[in-house]
Amino acid sequence: KKSLSPPVPSTYQKRYLKKIMDLGEGHFGKVTLYKYDPTNDDTGELVAVKVLKQESGCVAEGLMKEIEILKSLDHINIVKYKGCCTEPGRTEVQLIMEYLPMGSLRDYLPKTKVSVCQCLMYAQQICQGMDYLHSKRYVHRDLAARNVLVENNSLVKIGDFGLTKHIPEGEIYYRVREDGDSPVFWYAIECLKESKFSFASDVWSFGVTLYEILTRCDNRQSPPTKFYEMMGEAQGQITTMIIIDLLMKNMRLPCPRDCPHEVRLLMEQCWHKDQAQRPSFENLIVRFEAIRRTYDW
Ligand SMILES: COc1ccc(-c2cccc3nc(Nc4ccc(N5CCN(C)CC5)cc4)nn23)cc1
C-alpha cells in the first residue's frame with residue numbers, strides 16, 4: 001500500500017516551530033532555520049523563517065507586503081513561499097519559506113571549487129529569476145550574492161525580497177527616501193543621485209552580483225573593499241558623494257581574473273551610465289546561453 005506523504009500544512013502554527021540556528025540578517029529582517037515538527041517526533045521539515053527585526057520599528061505591514069509578493073511568485077529560480085504565521089493582533093508576522101541547505105553564494109563560492117562555466121550558469125539562472133520578477137513589474141532593489149541561495153551545485157534561487165517594490169503600469173521609477181543601511185556599492189548611479197529605482201537599476205546590481213560570482217565572493221575583492229581602494233583617503237566625506245564622483249568618471253569595479261572577454265563586455269553594459277543603454281534580463285539570458293555554448297566547457 002502506497003505510504004501517504006505527511007500532510008502539507010497550509011498554515012503553520014508557531015508552537016510547532018523548533019529553532020535550530022540563525023541564518024542571516026537581511027533588510028529590516030532576520031532569517032532563522034526552524035524544524036516544523038507538529039507530531040513532535042523529530043520527523044518534521046526544515047523551514048527558513050523570516051521575521052522583522054524588533055528594533056526596525058516598521059510595523060508588520062513591511063513584511064506583510066513581502067509575504068504578498070513572495071506568495072504571488074512561482075519560478076524555479078525564486079525561493080518558494082510555504083506559509084506564514086500571524087499572532088493574534090498581528091504584532092509579529094513570520095514568513096515561512098523552503099530552506100536551501102547550502103546557504104547563499106557568499107557562503108558557498110569561497111569554499112567550493114567552481115568553474116567559470118558554472119559561474120555563468122548561476123548568472124544565467126539569476127537572470128531567469130529576475131526576468132520573471134520584472135515580467136510581474138516588480139523591481140528587486142537588493143540583488144547581491146548574499147541574497148542568492150544555493151539549492152545544489154546546479155541550481156540557485158533569489159532568496160530575499162525585503163526591498164522589492166511594484167512599479168505601476170506606465171511608470172518607470174520607484175522613488176524612496178534614503179535609508180541608512182542601503183547597499184550603496186550595488187546601487188546604480190541614478191539610485192545614488194536621485195533614489196530612482198527601475199528595472200534597469202536591477203540590471204546594474206546584477207552586474208555587481210556577476211562580479212561577485214566571478215571573484216568567488218572573495219572578501220579581498222568584494223565591491224566595498226575595491227570601492228574603498230578606489231576612493232583612497234577621501235573616505236572621511238559622505239561615501240555616496242564619492243562613489244557618484246567615481247562612477248561619473250567612468251571608474252568601475254576591476255575585471256575579475258578568469259573573466260572571458262564577452263562577459264567583461266556584458267558586465268560593463270550592465271553598468272552603463274545611461275540606464276536606457278543597459279541590457280534587459282531577457283537579453284542577458286540569450287547572451288549567457290550563447291557564451292556558455294561557445295566555450296562548451
Ligand atoms: C540575507 O540573509 C539571508 C539569510 C537567509 C535567507 C534564506 C531565505 C530563504 C531560504 C533560505 N535558506 C537558507 N539557507 C541557508 C543555509 C545556511 C546558511 N549559513 C549561513 C551562515 N554560515 C556560517 C553557515 C551557513 C545560511 C542560509 N537561507 N535562506 C535569505 C537571506
# chains A, B, ... in the order shown; residues from 1 in each chain; ligands from 1
call {"tool": "residues_around", "arguments": {"residues": "Phe197 of chain A", "least_positions_apart": "3", "cutoff": "7 Å", "atoms": "only C-alpha atoms", "output": "mmCIF file with C-alpha atoms, in the first residue's frame"}}
result
data_model
loop_
_atom_site.group_PDB
_atom_site.id
_atom_site.type_symbol
_atom_site.label_atom_id
_atom_site.label_comp_id
_atom_site.auth_asym_id
_atom_site.auth_seq_id
_atom_site.Cartn_x
_atom_site.Cartn_y
_atom_site.Cartn_z
ATOM 1 C CA ARG A 141 16.349 46.759 -5.326
ATOM 2 C CA TYR A 173 10.781 54.529 -11.411
ATOM 3 C CA TYR A 174 10.180 53.744 -7.774
ATOM 4 C CA ARG A 175 11.376 56.654 -5.596
ATOM 5 C CA CYS A 191 19.812 55.409 -7.411
ATOM 6 C CA SER A 201 18.865 49.673 -11.851
#
call {"tool": "select_by_dssp", "arguments": {"residues": "segment 29-275 of chain A", "states": "strand (DSSP E)", "output": "ChimeraX atom specification"}}
result
/A:29-36,45-52,81-86,93-98,138-139,148-152,155-158,165-166,174-175,196-197
call {"tool": "residues_near_ligand", "arguments": {"ligand": "ligand 1", "cutoff": "9 Å", "atoms": "only C-alpha atoms and all ligand atoms", "output": "PyMOL selection string"}}
result
chain A and resi 21-27+29-33+47-50+79-81+96-104+106-108+146-151+157-161
call {"tool": "write_last_selection", "arguments": {"atoms": "N, CA and C atoms", "output": "tab-separated table (two decimals), in the first residue's frame"}}
result
chain	number	residue	atom	x	y	z
A	21	MET	N	18.92	27.38	14.12
A	21	MET	CA	20.02	28.37	14.15
A	21	MET	C	19.65	29.60	13.31
A	22	ASP	N	20.33	30.72	13.59
A	22	ASP	CA	20.13	31.93	12.78
A	22	ASP	C	20.84	31.74	11.45
A	23	LEU	N	20.21	32.23	10.37
A	23	LEU	CA	20.80	32.07	9.03
A	23	LEU	C	21.38	33.38	8.51
A	24	GLY	N	20.84	34.50	8.94
A	24	GLY	CA	21.38	35.77	8.46
A	24	GLY	C	20.39	36.90	8.65
A	25	GLU	N	20.91	38.11	8.44
A	25	GLU	CA	20.07	39.31	8.60
A	25	GLU	C	19.94	39.97	7.25
A	26	GLY	N	18.71	40.12	6.78
A	26	GLY	CA	18.52	40.86	5.53
A	26	GLY	C	18.13	42.28	5.90
A	27	HIS	N	17.36	42.92	4.99
A	27	HIS	CA	16.92	44.30	5.29
A	27	HIS	C	15.73	44.24	6.21
A	29	GLY	N	15.00	42.58	8.38
A	29	GLY	CA	14.52	41.25	8.74
A	29	GLY	C	15.64	40.32	9.14
A	30	LYS	N	15.26	39.27	9.86
A	30	LYS	CA	16.20	38.26	10.30
A	30	LYS	C	15.65	36.91	9.84
A	31	VAL	N	16.50	36.04	9.32
A	31	VAL	CA	16.05	34.73	8.84
A	31	VAL	C	16.66	33.64	9.72
A	32	THR	N	15.80	32.74	10.19
A	32	THR	CA	16.22	31.69	11.13
A	32	THR	C	15.77	30.32	10.63
A	33	LEU	N	16.61	29.30	10.87
A	33	LEU	CA	16.27	27.91	10.50
A	33	LEU	C	15.46	27.29	11.64
A	47	VAL	N	12.50	24.51	7.72
A	47	VAL	CA	11.99	25.69	7.03
A	47	VAL	C	12.82	26.92	7.42
A	48	ALA	N	12.88	27.89	6.49
A	48	ALA	CA	13.55	29.16	6.78
A	48	ALA	C	12.46	30.16	7.14
A	49	VAL	N	12.60	30.82	8.28
A	49	VAL	CA	11.56	31.73	8.76
A	49	VAL	C	12.11	33.15	8.87
A	50	LYS	N	11.43	34.09	8.22
A	50	LYS	CA	11.87	35.49	8.28
A	50	LYS	C	10.93	36.28	9.17
A	79	VAL	N	13.06	31.58	-4.43
A	79	VAL	CA	12.80	30.74	-3.25
A	79	VAL	C	11.29	30.56	-3.04
A	80	LYS	N	10.89	29.34	-2.65
A	80	LYS	CA	9.45	29.04	-2.56
A	80	LYS	C	8.85	29.54	-1.24
A	81	TYR	N	7.66	30.17	-1.37
A	81	TYR	CA	6.84	30.54	-0.21
A	81	TYR	C	6.17	29.28	0.32
A	96	ILE	N	7.30	32.01	6.15
A	96	ILE	CA	7.90	30.68	6.14
A	96	ILE	C	8.22	30.25	4.71
A	97	MET	N	9.50	29.92	4.48
A	97	MET	CA	9.96	29.59	3.13
A	97	MET	C	10.67	28.23	3.13
A	98	GLU	N	10.86	27.68	1.94
A	98	GLU	CA	11.67	26.47	1.83
A	98	GLU	C	13.09	26.80	2.29
A	99	TYR	N	13.76	25.82	2.85
A	99	TYR	CA	15.14	26.00	3.34
A	99	TYR	C	16.10	25.43	2.32
A	100	LEU	N	17.10	26.26	1.94
A	100	LEU	CA	18.12	25.80	0.99
A	100	LEU	C	19.40	25.51	1.79
A	101	PRO	N	19.76	24.24	1.91
A	101	PRO	CA	20.80	23.85	2.88
A	101	PRO	C	22.19	24.42	2.61
A	102	MET	N	22.48	24.82	1.36
A	102	MET	CA	23.86	25.20	1.07
A	102	MET	C	24.13	26.70	1.22
A	103	GLY	N	23.14	27.42	1.72
A	103	GLY	CA	23.37	28.83	2.03
A	103	GLY	C	23.44	29.71	0.80
A	104	SER	N	23.94	30.94	1.00
A	104	SER	CA	23.99	31.89	-0.12
A	104	SER	C	25.29	31.69	-0.90
A	106	ARG	N	27.54	33.73	-1.04
A	106	ARG	CA	28.60	34.26	-0.17
A	106	ARG	C	29.16	33.16	0.74
A	107	ASP	N	28.30	32.20	1.10
A	107	ASP	CA	28.77	31.08	1.94
A	107	ASP	C	29.44	30.02	1.06
A	108	TYR	N	28.85	29.77	-0.12
A	108	TYR	CA	29.17	28.61	-0.95
A	108	TYR	C	30.43	28.81	-1.80
A	146	ARG	N	24.79	37.87	-1.60
A	146	ARG	CA	24.31	37.45	-0.26
A	146	ARG	C	22.84	37.05	-0.30
A	147	ASN	N	22.11	37.52	-1.32
A	147	ASN	CA	20.67	37.21	-1.42
A	147	ASN	C	20.36	36.15	-2.46
A	148	VAL	N	21.41	35.49	-2.98
A	148	VAL	CA	21.21	34.38	-3.92
A	148	VAL	C	21.57	33.09	-3.19
A	149	LEU	N	20.60	32.16	-3.13
A	149	LEU	CA	20.77	30.94	-2.34
A	149	LEU	C	21.07	29.75	-3.24
A	150	VAL	N	21.78	28.76	-2.67
A	150	VAL	CA	22.22	27.59	-3.43
A	150	VAL	C	21.40	26.36	-3.01
A	151	GLU	N	20.64	25.81	-3.97
A	151	GLU	CA	19.88	24.56	-3.70
A	151	GLU	C	20.84	23.38	-3.83
A	157	LYS	N	18.76	30.22	-6.39
A	157	LYS	CA	17.47	30.90	-6.33
A	157	LYS	C	17.62	32.26	-5.65
A	158	ILE	N	16.86	33.23	-6.11
A	158	ILE	CA	16.86	34.53	-5.44
A	158	ILE	C	16.08	34.34	-4.12
A	159	GLY	N	16.69	34.75	-3.00
A	159	GLY	CA	16.16	34.33	-1.70
A	159	GLY	C	15.68	35.42	-0.78
A	160	ASP	N	15.72	36.69	-1.16
A	160	ASP	CA	15.25	37.73	-0.25
A	160	ASP	C	14.58	38.83	-1.04
A	161	PHE	N	13.37	39.22	-0.61
A	161	PHE	CA	12.60	40.24	-1.35
A	161	PHE	C	12.21	41.38	-0.43
call {"tool": "closest_residue", "arguments": {"among": "A:Pro110, A:Gly129, A:Pro254, A:Pro260", "to": "Tyr211 of chain A", "atoms": "only C-alpha atoms"}}
result
A:Pro254
call {"tool": "closest_residue", "arguments": {"among": "A:His134, A:Lys113, A:Lys18, A:Lys35", "to": "Ala200 of chain A", "atoms": "only C-alpha atoms"}}
result
A:His134
call {"tool": "closest_residue", "arguments": {"among": "A:Ile213, A:Met231, A:Leu247, A:Leu63", "to": "Cys119 of chain A", "atoms": "only C-alpha atoms"}}
result
A:Ile213
call {"tool": "closest_residue", "arguments": {"among": "A:Glu212, A:Glu194, A:Arg257, A:Pro183", "to": "Thr239 of chain A", "atoms": "only C-alpha atoms"}}
result
A:Pro183
call {"tool": "select_by_dssp", "arguments": {"residues": "segment 102-295 of chain A", "states": "alpha helix (DSSP H)", "output": "PyMOL selection string"}}
result
chain A and resi 105-108+116-135+189-194+199-214+223-231+239-248+261-270+281-294
call {"tool": "closest_residue", "arguments": {"among": "A:Cys217, A:Leu253, A:Leu155, A:Val263", "to": "Arg292 of chain A", "atoms": "only C-alpha atoms"}}
result
A:Val263
call {"tool": "residues_around", "arguments": {"residues": "Arg252 of chain A", "least_positions_apart": "4", "cutoff": "12 Å", "atoms": "only C-alpha atoms", "output": "CSV table (one decimal) with N, CA and C atoms, in the first residue's frame"}}
result
chain,number,residue,atom,x,y,z
A,185,PHE,N,27.1,50.1,-2.7
A,185,PHE,CA,28.1,49.6,-3.6
A,185,PHE,C,27.4,48.7,-4.7
A,186,TRP,N,26.2,48.4,-4.6
A,186,TRP,CA,25.4,47.7,-5.6
A,186,TRP,C,24.5,48.6,-6.3
A,188,ALA,N,22.9,51.5,-8.7
A,188,ALA,CA,23.2,52.3,-10.0
A,188,ALA,C,23.4,53.7,-9.7
A,189,ILE,N,24.0,54.4,-10.6
A,189,ILE,CA,24.3,55.8,-10.4
A,189,ILE,C,23.0,56.7,-10.2
A,204,TRP,N,22.0,46.9,-13.2
A,204,TRP,CA,23.2,47.3,-12.7
A,204,TRP,C,23.7,46.5,-11.5
A,207,GLY,N,25.0,43.3,-12.5
A,207,GLY,CA,26.4,43.4,-12.9
A,207,GLY,C,27.4,43.2,-11.7
A,208,VAL,N,27.0,43.9,-10.6
A,208,VAL,CA,27.9,43.8,-9.4
A,208,VAL,C,27.8,42.3,-8.9
A,211,TYR,N,30.0,40.2,-10.9
A,211,TYR,CA,31.4,40.4,-10.5
A,211,TYR,C,31.7,39.6,-9.2
A,223,PRO,N,33.0,44.2,-3.5
A,223,PRO,CA,32.7,45.6,-4.0
A,223,PRO,C,33.1,46.7,-3.0
A,226,LYS,N,36.9,47.0,-2.9
A,226,LYS,CA,37.5,47.6,-4.1
A,226,LYS,C,37.1,49.1,-4.2
A,227,PHE,N,35.9,49.4,-3.8
A,227,PHE,CA,35.5,50.9,-3.9
A,227,PHE,C,36.3,51.7,-2.9
A,229,GLU,N,39.2,51.1,-1.9
A,229,GLU,CA,40.6,51.3,-2.5
A,229,GLU,C,40.5,52.4,-3.5
A,230,MET,N,39.5,52.4,-4.4
A,230,MET,CA,39.4,53.5,-5.4
A,230,MET,C,39.2,54.8,-4.8
A,231,MET,N,38.5,54.9,-3.6
A,231,MET,CA,38.2,56.2,-3.0
A,231,MET,C,39.4,56.8,-2.4
A,243,ILE,N,31.3,57.9,-4.3
A,243,ILE,CA,31.0,56.9,-5.3
A,243,ILE,C,30.5,57.5,-6.6
A,244,ILE,N,29.5,58.4,-6.4
A,244,ILE,CA,28.9,59.1,-7.6
A,244,ILE,C,30.0,59.7,-8.4
A,245,ASP,N,31.0,60.4,-7.8
A,245,ASP,CA,32.1,61.0,-8.5
A,245,ASP,C,32.9,60.0,-9.3
A,246,LEU,N,33.2,58.9,-8.6
A,246,LEU,CA,34.0,57.8,-9.3
A,246,LEU,C,33.2,57.3,-10.5
A,247,LEU,N,31.9,57.1,-10.3
A,247,LEU,CA,31.1,56.5,-11.4
A,247,LEU,C,30.9,57.4,-12.5
A,248,MET,N,30.8,58.7,-12.2
A,248,MET,CA,30.7,59.7,-13.2
A,248,MET,C,31.9,59.8,-14.1
A,256,PRO,N,37.4,40.7,-13.1
A,256,PRO,CA,37.9,39.5,-12.4
A,256,PRO,C,38.9,38.7,-13.2
A,264,ARG,N,33.1,40.4,-19.7
A,264,ARG,CA,33.5,41.7,-19.2
A,264,ARG,C,32.7,42.7,-20.0
A,267,MET,N,29.2,42.8,-18.6
A,267,MET,CA,29.2,43.4,-17.2
A,267,MET,C,29.3,45.0,-17.4
A,268,GLU,N,30.1,45.4,-18.3
A,268,GLU,CA,30.2,46.9,-18.5
A,268,GLU,C,28.9,47.5,-19.0
A,269,GLN,N,28.2,46.8,-19.8
A,269,GLN,CA,26.9,47.3,-20.3
A,269,GLN,C,25.9,47.4,-19.2
A,270,CYS,N,26.0,46.4,-18.2
A,270,CYS,CA,25.1,46.5,-17.1
A,270,CYS,C,25.3,47.7,-16.3
A,271,TRP,N,26.6,48.3,-16.3
A,271,TRP,CA,27.0,49.4,-15.6
A,271,TRP,C,27.0,50.7,-16.4
A,272,HIS,N,26.2,50.7,-17.5
A,272,HIS,CA,26.2,51.9,-18.4
A,272,HIS,C,25.6,53.1,-17.6
A,273,LYS,N,26.2,54.2,-17.8
A,273,LYS,CA,25.7,55.5,-17.1
A,273,LYS,C,24.3,55.7,-17.5
call {"tool": "closest_residue", "arguments": {"among": "A:Ser280, A:Thr240, A:Ser222, A:Asn77", "to": "Gln125 of chain A", "atoms": "only C-alpha atoms"}}
result
A:Asn77
call {"tool": "residues_around", "arguments": {"residues": "Ile285 of chain A", "least_positions_apart": "4", "cutoff": "10 Å", "atoms": "only C-alpha atoms", "output": "PDB file with N, CA and C atoms, in the first residue's frame"}}
result
ATOM      1  N   MET A 121      26.534  29.720 -15.421  1.00  0.00           N
ATOM      2  CA  MET A 121      25.237  29.044 -15.291  1.00  0.00           C
ATOM      3  C   MET A 121      24.437  29.671 -14.144  1.00  0.00           C
ATOM      4  N   ALA A 123      24.815  32.715 -13.055  1.00  0.00           N
ATOM      5  CA  ALA A 123      24.465  34.073 -13.511  1.00  0.00           C
ATOM      6  C   ALA A 123      23.220  34.020 -14.392  1.00  0.00           C
ATOM      7  N   GLN A 124      23.180  33.024 -15.289  1.00  0.00           N
ATOM      8  CA  GLN A 124      22.029  32.916 -16.204  1.00  0.00           C
ATOM      9  C   GLN A 124      20.758  32.598 -15.420  1.00  0.00           C
ATOM     10  N   GLN A 125      20.868  31.766 -14.395  1.00  0.00           N
ATOM     11  CA  GLN A 125      19.693  31.411 -13.584  1.00  0.00           C
ATOM     12  C   GLN A 125      19.169  32.627 -12.815  1.00  0.00           C
ATOM     13  N   ILE A 126      20.096  33.471 -12.333  1.00  0.00           N
ATOM     14  CA  ILE A 126      19.679  34.704 -11.639  1.00  0.00           C
ATOM     15  C   ILE A 126      18.912  35.593 -12.628  1.00  0.00           C
ATOM     16  N   CYS A 127      19.428  35.676 -13.881  1.00  0.00           N
ATOM     17  CA  CYS A 127      18.741  36.468 -14.913  1.00  0.00           C
ATOM     18  C   CYS A 127      17.355  35.910 -15.187  1.00  0.00           C
ATOM     19  N   GLN A 128      17.209  34.566 -15.165  1.00  0.00           N
ATOM     20  CA  GLN A 128      15.893  33.970 -15.414  1.00  0.00           C
ATOM     21  C   GLN A 128      14.921  34.336 -14.290  1.00  0.00           C
ATOM     22  N   ASP A 131      14.178  38.089 -14.716  1.00  0.00           N
ATOM     23  CA  ASP A 131      13.315  38.358 -15.886  1.00  0.00           C
ATOM     24  C   ASP A 131      11.862  38.070 -15.517  1.00  0.00           C
ATOM     25  N   SER A 280      18.392  44.211 -21.048  1.00  0.00           N
ATOM     26  CA  SER A 280      17.310  43.668 -20.205  1.00  0.00           C
ATOM     27  C   SER A 280      17.748  42.279 -19.729  1.00  0.00           C
ATOM     28  N   PHE A 281      17.065  41.734 -18.720  1.00  0.00           N
ATOM     29  CA  PHE A 281      17.396  40.375 -18.281  1.00  0.00           C
ATOM     30  C   PHE A 281      17.051  39.363 -19.371  1.00  0.00           C
ATOM     31  N   GLU A 289      23.435  32.185 -22.683  1.00  0.00           N
ATOM     32  CA  GLU A 289      23.245  30.901 -23.383  1.00  0.00           C
ATOM     33  C   GLU A 289      24.294  30.758 -24.478  1.00  0.00           C
ATOM     34  N   ALA A 290      24.468  31.833 -25.256  1.00  0.00           N
ATOM     35  CA  ALA A 290      25.417  31.801 -26.393  1.00  0.00           C
ATOM     36  C   ALA A 290      26.851  31.673 -25.886  1.00  0.00           C
TER      37      ALA A 290
END
call {"tool": "decode", "arguments": {"residues": "segment 88-199 of chain A", "atoms": "C-alpha atoms", "output": "JSON list (two decimals), in the first residue's frame"}}
result
[["chain", "number", "residue", "atom", "x", "y", "z"],
["A", 88, "PRO", "CA", -3.46, 37.33, 17.15],
["A", 89, "GLY", "CA", -3.29, 41.12, 16.95],
["A", 90, "ARG", "CA", -0.72, 40.79, 14.14],
["A", 91, "THR", "CA", 2.10, 42.14, 16.31],
["A", 92, "GLU", "CA", 4.58, 39.62, 14.96],
["A", 93, "VAL", "CA", 4.40, 38.16, 11.48],
["A", 94, "GLN", "CA", 6.58, 35.26, 10.28],
["A", 95, "LEU", "CA", 7.26, 34.40, 6.63],
["A", 96, "ILE", "CA", 7.90, 30.68, 6.14],
["A", 97, "MET", "CA", 9.96, 29.59, 3.13],
["A", 98, "GLU", "CA", 11.67, 26.47, 1.83],
["A", 99, "TYR", "CA", 15.14, 26.00, 3.34],
["A", 100, "LEU", "CA", 18.12, 25.80, 0.99],
["A", 101, "PRO", "CA", 20.80, 23.85, 2.88],
["A", 102, "MET", "CA", 23.86, 25.20, 1.07],
["A", 103, "GLY", "CA", 23.37, 28.83, 2.03],
["A", 104, "SER", "CA", 23.99, 31.89, -0.12],
["A", 105, "LEU", "CA", 26.63, 32.31, -2.83],
["A", 106, "ARG", "CA", 28.60, 34.26, -0.17],
["A", 107, "ASP", "CA", 28.77, 31.08, 1.94],
["A", 108, "TYR", "CA", 29.17, 28.61, -0.95],
["A", 109, "LEU", "CA", 31.59, 30.15, -3.50],
["A", 110, "PRO", "CA", 34.60, 30.87, -1.23],
["A", 111, "LYS", "CA", 34.73, 27.24, -0.07],
["A", 112, "THR", "CA", 33.79, 25.36, -3.29],
["A", 113, "LYS", "CA", 35.85, 24.86, -6.46],
["A", 114, "VAL", "CA", 33.53, 26.29, -9.15],
["A", 115, "SER", "CA", 34.46, 26.62, -12.85],
["A", 116, "VAL", "CA", 33.83, 29.80, -14.87],
["A", 117, "CYS", "CA", 31.18, 27.81, -16.80],
["A", 118, "GLN", "CA", 29.33, 27.04, -13.56],
["A", 119, "CYS", "CA", 29.60, 30.72, -12.55],
["A", 120, "LEU", "CA", 27.95, 31.67, -15.86],
["A", 121, "MET", "CA", 25.24, 29.04, -15.29],
["A", 122, "TYR", "CA", 24.44, 30.61, -11.89],
["A", 123, "ALA", "CA", 24.46, 34.07, -13.51],
["A", 124, "GLN", "CA", 22.03, 32.92, -16.20],
["A", 125, "GLN", "CA", 19.69, 31.41, -13.58],
["A", 126, "ILE", "CA", 19.68, 34.70, -11.64],
["A", 127, "CYS", "CA", 18.74, 36.47, -14.91],
["A", 128, "GLN", "CA", 15.89, 33.97, -15.41],
["A", 129, "GLY", "CA", 14.53, 34.66, -11.93],
["A", 130, "MET", "CA", 14.91, 38.43, -12.41],
["A", 131, "ASP", "CA", 13.31, 38.36, -15.89],
["A", 132, "TYR", "CA", 10.30, 36.62, -14.31],
["A", 133, "LEU", "CA", 10.21, 39.18, -11.44],
["A", 134, "HIS", "CA", 10.34, 42.10, -13.92],
["A", 135, "SER", "CA", 7.63, 40.47, -16.05],
["A", 136, "LYS", "CA", 5.39, 40.97, -12.98],
["A", 137, "ARG", "CA", 6.57, 44.59, -12.74],
["A", 138, "TYR", "CA", 8.47, 44.05, -9.50],
["A", 139, "VAL", "CA", 11.83, 45.79, -9.00],
["A", 140, "HIS", "CA", 14.07, 43.90, -6.55],
["A", 141, "ARG", "CA", 16.35, 46.76, -5.33],
["A", 142, "ASP", "CA", 18.69, 44.47, -3.38],
["A", 143, "LEU", "CA", 20.17, 41.95, -5.84],
["A", 144, "ALA", "CA", 23.53, 40.78, -4.47],
["A", 145, "ALA", "CA", 25.36, 37.46, -3.96],
["A", 146, "ARG", "CA", 24.31, 37.45, -0.26],
["A", 147, "ASN", "CA", 20.67, 37.21, -1.42],
["A", 148, "VAL", "CA", 21.21, 34.38, -3.92],
["A", 149, "LEU", "CA", 20.77, 30.94, -2.34],
["A", 150, "VAL", "CA", 22.22, 27.59, -3.43],
["A", 151, "GLU", "CA", 19.88, 24.56, -3.70],
["A", 152, "ASN", "CA", 22.63, 22.36, -5.15],
["A", 153, "ASN", "CA", 25.70, 22.86, -7.37],
["A", 154, "SER", "CA", 23.50, 23.33, -10.44],
["A", 155, "LEU", "CA", 20.58, 25.37, -9.04],
["A", 156, "VAL", "CA", 20.49, 28.81, -7.40],
["A", 157, "LYS", "CA", 17.47, 30.90, -6.33],
["A", 158, "ILE", "CA", 16.86, 34.53, -5.44],
["A", 159, "GLY", "CA", 16.16, 34.33, -1.70],
["A", 160, "ASP", "CA", 15.25, 37.73, -0.25],
["A", 161, "PHE", "CA", 12.60, 40.24, -1.35],
["A", 162, "GLY", "CA", 12.80, 42.66, 1.58],
["A", 163, "LEU", "CA", 13.21, 45.75, -0.62],
["A", 164, "THR", "CA", 11.14, 44.59, -3.61],
["A", 165, "LYS", "CA", 8.58, 47.13, -4.86],
["A", 166, "HIS", "CA", 5.86, 47.06, -7.50],
["A", 167, "ILE", "CA", 6.19, 49.59, -10.33],
["A", 168, "PRO", "CA", 2.69, 50.62, -11.52],
["A", 169, "GLU", "CA", 1.85, 50.29, -15.24],
["A", 170, "GLY", "CA", 3.01, 53.29, -17.22],
["A", 171, "GLU", "CA", 5.62, 54.28, -14.63],
["A", 172, "ILE", "CA", 9.35, 53.66, -14.83],
["A", 173, "TYR", "CA", 10.78, 54.53, -11.41],
["A", 174, "TYR", "CA", 10.18, 53.74, -7.77],
["A", 175, "ARG", "CA", 11.38, 56.65, -5.60],
["A", 176, "VAL", "CA", 12.48, 56.08, -1.99],
["A", 177, "ARG", "CA", 13.55, 58.30, 0.86],
["A", 178, "GLU", "CA", 17.14, 57.42, 1.68],
["A", 179, "ASP", "CA", 17.60, 54.87, 4.45],
["A", 180, "GLY", "CA", 20.80, 54.40, 6.43],
["A", 181, "ASP", "CA", 21.97, 50.93, 5.53],
["A", 182, "SER", "CA", 21.45, 51.00, 1.75],
["A", 183, "PRO", "CA", 23.71, 48.67, -0.24],
["A", 184, "VAL", "CA", 25.31, 51.66, -2.00],
["A", 185, "PHE", "CA", 28.09, 49.62, -3.65],
["A", 186, "TRP", "CA", 25.42, 47.66, -5.56],
["A", 187, "TYR", "CA", 23.40, 50.81, -6.49],
["A", 188, "ALA", "CA", 23.17, 52.25, -9.99],
["A", 189, "ILE", "CA", 24.30, 55.83, -10.42],
["A", 190, "GLU", "CA", 20.69, 57.17, -10.69],
["A", 191, "CYS", "CA", 19.81, 55.41, -7.41],
["A", 192, "LEU", "CA", 22.70, 57.14, -5.64],
["A", 193, "LYS", "CA", 21.96, 60.53, -7.22],
["A", 194, "GLU", "CA", 18.14, 60.58, -7.22],
["A", 195, "SER", "CA", 16.99, 57.43, -5.36],
["A", 196, "LYS", "CA", 15.27, 56.39, -8.59],
["A", 197, "PHE", "CA", 14.92, 52.58, -8.86],
["A", 198, "SER", "CA", 13.90, 50.88, -12.09],
["A", 199, "PHE", "CA", 14.22, 47.56, -13.90]]
